[in-house]
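Just below is one structure, and these are the notes that go with it.
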Amino acid sequence: VQLQASGGGLVQAGGSLRLSCAVSGRFFINSYVMGWFRQAPGREREFVAAIRWSRGSTDYADSVKGRFTISRDNAKNTVYLQMNNLKPEDTAVYYCAAQPMRSIVVVTTLPGLYEYWGQGTQVTVSS
């Protein structure tokens with residue numbers, strides 16, 4: 001499984017960005033959970049959002065609820081993170097990740113459960 005993240009950049013507070021994560025490789029994508037995480041300098045990697053590919057159900061960190069939206073495009077094997085009303089505290093390197101669903105109940109918030117990671121894309125929000 002290969003993940004290629006893109007779409008980061010510099011934006012003013014209140015602005016928007018859309019991150020993309022292109023997924024490739026020989027695997028059954030419907031059996032995966034896709035997640036977005038972020039890591040700011042000096043801080044641990046933290047959960048942002050996740051989507052179960054087959055059902056499209058989503059999870060969000062409290063800090064981004066109502067501002068960020070995760071979605072997927074089946075035809076393009078791509079996961080998106082639409083980020084609106086960005087704040088300076090959203091500044092971080094954003095990573096996409098993939099976790100195989102081994103049961104009906106899946107923990108989506110722990111980075112250690114994800115097996116595949118993209119290279120990260122920088123998001124900088126100026127005040």
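Residue names in the structure tokens use chain letters A, B, ... in the order shown, residue numbers from 1 in each chain, and ligand numbers from 1 in the order shown.
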
Residues flagged helix (DSSP H, G or I) by DSSP in chain A, as an MDAnalysis selection string: chainID A and resid 29:31 88:90 111:113

Residue contacts of Glu46 of chain A (9 Å, only C-alpha atoms) excluding same-chain residues fewer than 6 positions away, as a ChimeraX atom specification: /A:36-40,61,109-111

Leu10 of chain A environment, 10 Å, only C-alpha atoms, sequence neighbours closer than 6 positions dropped, as a PyMOL selection string: chain A and resi 16-17+91+122-126

Residues near Val48 of chain A, cut-off 12 Å, only C-alpha atoms, skip fewer than 5 positions along chain, as a PyMOL selection string: chain A and resi 34-39+58-65+67-70+81-83+90+92-97+108-111

Residue list (strand (DSSP E or B), DSSP) for segment 19-122 of chain A, as a count of residues only: 49

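Distance check against Leu86 of chain A using only C-alpha atoms: of A:Val23, A:Ala13, A:Gln2, A:Ala49, the minimum falls on A:Ala13.
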
Nearest-residue call for Arg43 of chain A, choices A:Asn30, A:Ser20, A:Glu89, A:Gly120, using only C-alpha atoms: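 Comparing A:Asn30, A:Ser20, A:Glu89, A:Gly120 against Arg43 of chain A, the winner is A:Glu89.
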
Separation of atom CA of Ser57 of chain A from atom CA of Ser24 of chain A in Å: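 If I compute the distance from atom CA of Ser24 of chain A to atom CA of Ser57 of chain A, I get 21.2 Å.
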
Atom pair atom CA of Ala22 of chain A / atom CA of Lys76 of chain A: separation (Å):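 Between these atoms lies a distance of 7.6 Å.
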
For Gly118 of chain A, the nearest of the candidates A:Gly56, A:Gly7, A:Pro41, A:Ala98, counting only C-alpha atoms: A:Ala98

Pick from A:Arg26, A:Phe47, A:Pro88, A:Asp73, whichever lies nearest to Gly112 of chain A using only C-alpha atoms: A:Phe47

Length of the atom CA of Gly9 of chain A to atom CA of Ser127 of chain A vector [Å]: 14.4 Å
